[in-house]
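Below: the structure, in structure tokens.
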Amino acid sequence: MPDFDLFVIGAGSGGVRCARIAAQNGARVGIAESRHWGGTCVNLGCVPKKLMVYASEGAEAAEDARAYGWDVEIGAHDWPRFIAAKDKEITRLDGIYKSMLDKAGVGLFVGRAKLIDAHTIEIGPGPLDEKATPQRVTAEKIVIATGGRPVRPPIEGAELGIISDAAFHLTERPERVCIIGGGYIGVEFAGIFAGLGSKVDLVFRQDLPLRGFDQELREKLLEALPKHGITVHAGVSPEKIEALEAGARRVSLSNGTTIDTDCVFFATGRKPATDGLGLETLGVKTEKGAVVVDAHSATSVSNLYAIGDVTDRINLTPVAIAEGHTLAERLFSSHTPRDWAYETTPKAVFFSETLASVGLTEEEAAKESDLDVFTASFRPLRQTLIGRDRKAFMKLIVSRDSQKVVGAHMMGDAAAELMQGVAIAVTAGLTKRDFDRTIGIHPTTAEEFVTMRSPTRQVSRTS
Ligand SMILES: Cc1cc2nc3c(=O)[nH]c(=O)nc-3n(C[C@H](O)[C@H](O)[C@H](O)COP(=O)(O)OP(=O)(O)OC[C@H]3O[C@@H](n4cnc5c(N)ncnc54)[C@H](O)[C@@H]3O)c2cc1C
Ligand SMILES: NC(=O)c1ccc[n+]([C@@H]2O[C@H](COP(=O)([O-])OP(=O)(O)OC[C@H]3O[C@@H](n4cnc5c(N)ncnc54)[C@H](O)[C@@H]3O)[C@@H](O)[C@H]2O)c1
């Protein structure tokens with residue numbers, strides 16, 4: 001008999017949930033983690049990033065308080081004190097993840113795991129324990145939940161820049177930061193460093209940031225970036241990084257300009273973490289490094305499964321958790337597994353003015369049907385006394401024939417908190433009439449989603 005019914009490689013968002021649910025359903029479960037319990041989200045992603053966003057909001061909050069009559073002085077930000085407080089919280093969360101697995105009866109293995117054959121895993125030394133003696137275990141079923149890691153572009157001097165992993169542990173805040181990449185991480189960290197007082201240059205290859213988001217939302221973000229003190233270099237690529245004196249760097253761009261900075265930060269995407277797992281020898285099918293799976297997380301080898309970022313589908317924590325949960329129930333529960341509406345996965349970018357979306361972009365929706373598009377752009381009440389030039393933008397995309405709300409998009413305060421509720425309505429397939437029938441909460445920005453009366457424009461189906 002194998003040592004375990006299920007062995008999970010990687011204790012991140014997906015792996016932890018999968019192992020815990022399988023164990024709670026009576027399976028004998030083991031899990032290996034090479035670097036940190038809780039994975040990317042807890043240690044080098046969502047959680048420390050959001051704490052940094054909160055830190056970056058301090059100066060503006062003090063400014064706002066002054067506008068509302070408080071006698072507040074804006075002092076300096078103490079970066080080392082903040083990083084120490086953040087690290088303490090992350091260490092606490094790591095412990096919670098580890099003990100949660102322990103309590104569920106999951107066998108914990110510290111070290112880097114690799115597959116020896118379809119039922120044998122070897123756990124050897126890794127960052128958490130460099131001197132670990134390799135040990136082998138066997139399992140009936142194996143889940144690959146190894147996540148991804150940040151990549152640098154192949155340009156001269158790329159090693160002189162940092163990646164997001166390092167951004168969480170800088171000993172001091174750089175006075176000048178040049179961020180390469182206009183995706184989630186680039187935009188979020190541009191807001192974080194600008195809010196903390198750094199001079200930020202943001203470089204991206206397309207004309208607009210946040211590829212894949214609604215075009216109009218991307219345009220609103222492009223307009224907003226300079227208002228936060230961020231210098232935008234759109235439609236250009238970095239070509240070379242050089243070291244200058246005193247740790248400074250020079251970034252040469254494809255349009256011939258150069259940027260002198262204290263820190264080059266590559267936010268140029270992530271790659272599935274499959275190196276050294278032994279997938280090739282077992283014949284596990286991969287595509288561009290990502291493990292290929294079917295709708296049930298099954299790989300091309302019958303007892304091997306994969307969940308989360310290593311499959312490079314929707315690379316978000318709640319999706320990895322949902323995939324892990326469903327898989328564990330499908331394999332070990334006698335009940336019908338829980339299912340999730342992945343097609344209406346809401347998403348948010350925690351920039352200083354949060355962006356959030358659910359459902360289709362206008363461009364995607366127009367490929368499916370004629371549309372009524374409702375938009376609102378206005379100065380929220382909070383901003384009136386402050387006098388800041390900041391507007392909230394909200395948008396509903398309605399399929400003309402069915403009148404279903406197929407997409408909602410927003411940039412503005414609390415967009416992420418608000419979009420979670422709208423996502424329920426879009427997932428339920430509610431119509432514009434359902435939105436119209438809903439009484440608003442006044443005075444809020446949110447009420448705009450239920451008070452948009454006439455379409456801003458009508459769009460004909462494009463194909
Ligand atoms: C800077 C940043 C900010 C983010 N912010 C958000 C956000 O706000 N909201 C959101 O939803 N998502 C966010 N994400 C994405 C989110 O972190 C990932 O989608 C999520 O962590 C994926 O979970 P996972 O279980 O697939 O992998 P991970 O959480 O990456 O876990 C994989 C684990 O496997 C371990 N591992 C790898 N190889 C081995 C091996 N051979 N042996 C043993 N262990 C191994 C790793 O050490 C890691 O702990 C962010 C990501 C980053 C980088
Ligand atoms: N708030 C959130 O939910 C959140 C936050 C951070 C990360 N994430 C997840 O993590 C993933 C990774 O984030 P990311 O921002 O690194 O990736 P991304 O795919 O969102 O953005 C990568 C950016 O790098 C650019 N790029 C790629 N190669 C380049 C090159 N050679 N030169 C210049 N630019 C280049 C791309 O054009 C793109 O703008 C996201 O896709 C998302 O799934 C989510």
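A note on labels: chains of the structure tokens are A, B, ... as shown, every chain counts residues from 1, and ligands are counted from 1 in their shown order.
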Shell around Lys347 of chain A at 7 Å using only C-alpha atoms, local window under 4 positions removed, as number ranges by chain: A: 356-358
Surroundings of ligand 1 up to 6 Å, based on only C-alpha atoms and all ligand atoms, as a PyMOL selection string: chain A and resi 9-15+32-37+39-41+44-46+49+111-114+145-148+164+185+273+277+308-310+315-318+320
Export of prior selection with N, CA and C atoms as a CSV table (one decimal), in the first residue's frame:
```csv
chain,number,residue,atom,x,y,z
A,9,ILE,N,2.3,18.6,-4.0
A,9,ILE,CA,3.6,19.3,-4.0
A,9,ILE,C,3.3,20.8,-4.1
A,10,GLY,N,3.7,21.5,-3.0
A,10,GLY,CA,3.5,23.0,-3.0
A,10,GLY,C,2.4,23.3,-2.0
A,11,ALA,N,2.8,24.1,-1.0
A,11,ALA,CA,1.8,24.5,0.1
A,11,ALA,C,1.4,25.9,-0.1
A,12,GLY,N,0.9,26.3,-1.3
A,12,GLY,CA,0.4,27.6,-1.6
A,12,GLY,C,-1.1,27.6,-1.5
A,13,SER,N,-1.7,28.6,-2.1
A,13,SER,CA,-3.2,28.8,-2.0
A,13,SER,C,-3.9,27.5,-2.4
A,14,GLY,N,-3.6,27.0,-3.5
A,14,GLY,CA,-4.3,25.8,-4.1
A,14,GLY,C,-3.9,24.5,-3.3
A,15,GLY,N,-2.6,24.3,-3.1
A,15,GLY,CA,-2.1,23.1,-2.4
A,15,GLY,C,-2.7,22.9,-1.0
A,32,ALA,N,4.4,18.7,0.5
A,32,ALA,CA,5.8,19.1,0.6
A,32,ALA,C,5.9,20.6,0.3
A,33,GLU,N,6.6,21.4,1.0
A,33,GLU,CA,6.8,22.8,0.7
A,33,GLU,C,8.3,23.1,0.8
A,34,SER,N,8.8,23.8,-0.2
A,34,SER,CA,10.3,24.0,-0.2
A,34,SER,C,10.7,25.4,0.4
A,35,ARG,N,9.7,26.3,0.4
A,35,ARG,CA,10.1,27.7,0.7
A,35,ARG,C,9.3,28.4,1.8
A,36,HIS,N,8.0,28.4,1.7
A,36,HIS,CA,7.2,29.1,2.7
A,36,HIS,C,5.8,28.6,2.7
A,37,TRP,N,5.3,28.3,4.0
A,37,TRP,CA,3.9,27.8,4.1
A,37,TRP,C,2.9,28.9,3.7
A,39,GLY,N,2.5,29.8,0.6
A,39,GLY,CA,2.9,30.1,-0.8
A,39,GLY,C,3.1,31.6,-1.1
A,40,THR,N,2.9,31.9,-2.4
A,40,THR,CA,3.1,33.2,-2.9
A,40,THR,C,2.2,34.2,-2.3
A,41,CYS,N,0.9,33.9,-2.3
A,41,CYS,CA,-0.1,34.9,-1.9
A,41,CYS,C,0.2,35.5,-0.5
A,44,LEU,N,4.7,36.5,-0.7
A,44,LEU,CA,5.3,37.4,-1.6
A,44,LEU,C,4.3,37.8,-2.6
A,45,GLY,N,3.1,37.9,-2.2
A,45,GLY,CA,2.0,38.3,-3.2
A,45,GLY,C,0.9,39.2,-2.5
A,46,CYS,N,-0.3,38.7,-2.7
A,46,CYS,CA,-1.5,39.4,-2.3
A,46,CYS,C,-1.4,40.1,-0.9
A,49,LYS,N,1.6,42.6,-0.3
A,49,LYS,CA,1.3,43.7,-1.3
A,49,LYS,C,0.2,44.6,-0.8
A,111,GLY,N,11.0,20.7,2.1
A,111,GLY,CA,12.0,20.5,1.1
A,111,GLY,C,11.4,20.5,-0.3
A,112,ARG,N,12.4,20.5,-1.3
A,112,ARG,CA,12.0,20.5,-2.7
A,112,ARG,C,11.6,19.1,-3.1
A,113,ALA,N,10.4,19.0,-3.7
A,113,ALA,CA,9.9,17.7,-4.1
A,113,ALA,C,10.1,17.5,-5.6
A,114,LYS,N,10.4,16.2,-6.0
A,114,LYS,CA,10.4,15.9,-7.4
A,114,LYS,C,9.8,14.5,-7.6
A,145,ALA,N,1.1,21.6,-7.4
A,145,ALA,CA,0.5,22.9,-7.0
A,145,ALA,C,1.7,23.8,-6.7
A,146,THR,N,2.7,23.8,-7.6
A,146,THR,CA,3.9,24.5,-7.4
A,146,THR,C,3.9,26.0,-7.8
A,147,GLY,N,2.8,26.5,-8.3
A,147,GLY,CA,2.7,28.0,-8.6
A,147,GLY,C,3.6,28.4,-9.7
A,148,GLY,N,4.0,29.7,-9.6
A,148,GLY,CA,4.9,30.3,-10.6
A,148,GLY,C,6.0,31.1,-10.0
A,164,SER,N,9.6,41.0,-8.2
A,164,SER,CA,8.6,41.3,-7.1
A,164,SER,C,9.1,40.6,-5.8
A,185,ILE,N,1.2,43.7,-11.4
A,185,ILE,CA,2.3,44.0,-10.5
A,185,ILE,C,2.9,45.4,-10.7
A,273,ALA,N,6.1,27.2,-12.3
A,273,ALA,CA,7.3,26.6,-11.6
A,273,ALA,C,7.3,25.1,-11.8
A,277,LEU,N,11.0,19.2,-11.6
A,277,LEU,CA,9.9,18.4,-11.0
A,277,LEU,C,9.9,17.0,-11.6
A,308,GLY,N,-3.9,25.6,-9.9
A,308,GLY,CA,-3.3,26.9,-9.6
A,308,GLY,C,-2.4,27.4,-10.7
A,309,ASP,N,-1.5,28.3,-10.3
A,309,ASP,CA,-0.7,29.1,-11.3
A,309,ASP,C,0.2,28.2,-12.2
A,310,VAL,N,0.5,27.0,-11.7
A,310,VAL,CA,1.3,26.1,-12.5
A,310,VAL,C,0.6,25.6,-13.8
A,315,ASN,N,-4.6,33.2,-13.0
A,315,ASN,CA,-3.6,33.1,-12.0
A,315,ASN,C,-4.0,34.0,-10.8
A,316,LEU,N,-5.0,33.6,-10.1
A,316,LEU,CA,-5.5,34.4,-8.9
A,316,LEU,C,-5.7,33.4,-7.7
A,317,THR,N,-5.5,33.9,-6.5
A,317,THR,CA,-5.6,33.0,-5.3
A,317,THR,C,-6.9,32.4,-5.2
A,318,PRO,N,-8.0,33.1,-5.3
A,318,PRO,CA,-9.3,32.4,-5.1
A,318,PRO,C,-9.6,31.3,-6.1
A,320,ALA,N,-7.1,29.4,-7.5
A,320,ALA,CA,-6.3,28.3,-7.1
A,320,ALA,C,-7.0,27.5,-5.9
```
To one decimal place, how far is atom CA of Asn43 of chain A from atom CA of Asp94 of chain A in Å? 7.8 Å
Write out as a CSV table (one decimal) with C-alpha atoms, in the first residue's frame which residues come within 7 Å of segment 186-200 of chain A when counting only C-alpha atoms, dropping same-chain ones fewer than 3 positions away.
```csv
chain,number,residue,atom,x,y,z
A,52,MET,CA,2.2,47.9,1.3
A,53,VAL,CA,-0.8,49.5,-0.4
A,56,SER,CA,1.2,54.0,0.7
A,57,GLU,CA,-2.2,55.5,1.5
A,174,PRO,CA,14.5,53.6,-3.3
A,175,GLU,CA,14.1,57.3,-3.9
A,176,ARG,CA,13.7,56.6,-7.6
A,177,VAL,CA,12.2,53.4,-9.1
A,178,CYS,CA,11.8,52.4,-12.7
A,179,ILE,CA,9.1,49.8,-13.1
A,180,ILE,CA,9.1,47.7,-16.3
A,181,GLY,CA,5.8,46.2,-17.2
A,182,GLY,CA,2.2,47.6,-17.1
A,183,GLY,CA,0.4,44.5,-15.8
A,228,HIS,CA,-0.2,60.3,-8.8
A,229,GLY,CA,3.2,61.6,-9.8
A,230,ILE,CA,4.0,58.6,-12.0
A,231,THR,CA,5.9,59.3,-15.2
A,267,ALA,CA,7.1,43.3,-13.4
A,349,VAL,CA,-5.9,45.9,-9.3
A,350,PHE,CA,-4.9,47.5,-6.1
A,351,PHE,CA,-3.6,50.8,-7.5
A,352,SER,CA,-4.0,54.0,-5.5
```
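Closest approach to Ser369 of chain A among A:Ile241, A:Leu381, A:Val301, A:Val459: A:Val459, based on only C-alpha atoms.
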Please return, as a ChimeraX atom specification, all residues of segment 125-349 of chain A that DSSP assigns to alpha helix (DSSP H) on the basis of the backbone. /A:164-167,184-195,215-224,279-282,317-332
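Counting from atom CA of Leu6 of chain A, the distance to atom CA of Asp102 of chain A is 15.2 Å.
Candidate residues A:Thr444, A:Asp117, A:Leu93, A:Leu202 were compared for distance to Gly283 of chain A, and the nearest is A:Asp117, using only C-alpha atoms.
Proximity of A:Gly30, A:Pro150, A:Gly161, A:Gly75 to ligand 2, computed with only C-alpha atoms and all ligand atoms, is greatest for A:Pro150.
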What gap, in Å, lies between atom CA of Arg270 of chain A and atom CA of Leu208 of chain A? 19.9 Å
Could you list, with a cut-off of 12 Å and counting only C-alpha atoms, the residues of segment 380-445 of chain A near segment 335-341 of chain A, each shown with its nearest atom pair and the distance in Å rounded to one decimal, rows sorted by chain and ascending number, as a Markdown table?
```
| residue | atom | partner | partner_atom | distance |
| --- | --- | --- | --- | --- |
| A:Ala423 | CA | A:Ala341 | CA | 10.2 |
| A:Ile424 | CA | A:Ala341 | CA | 10.0 |
| A:Val426 | CA | A:Ala341 | CA | 10.4 |
| A:Thr427 | CA | A:Ala341 | CA | 7.0 |
| A:Ala428 | CA | A:Ala341 | CA | 9.6 |
| A:Gly429 | CA | A:Ala341 | CA | 11.3 |
```
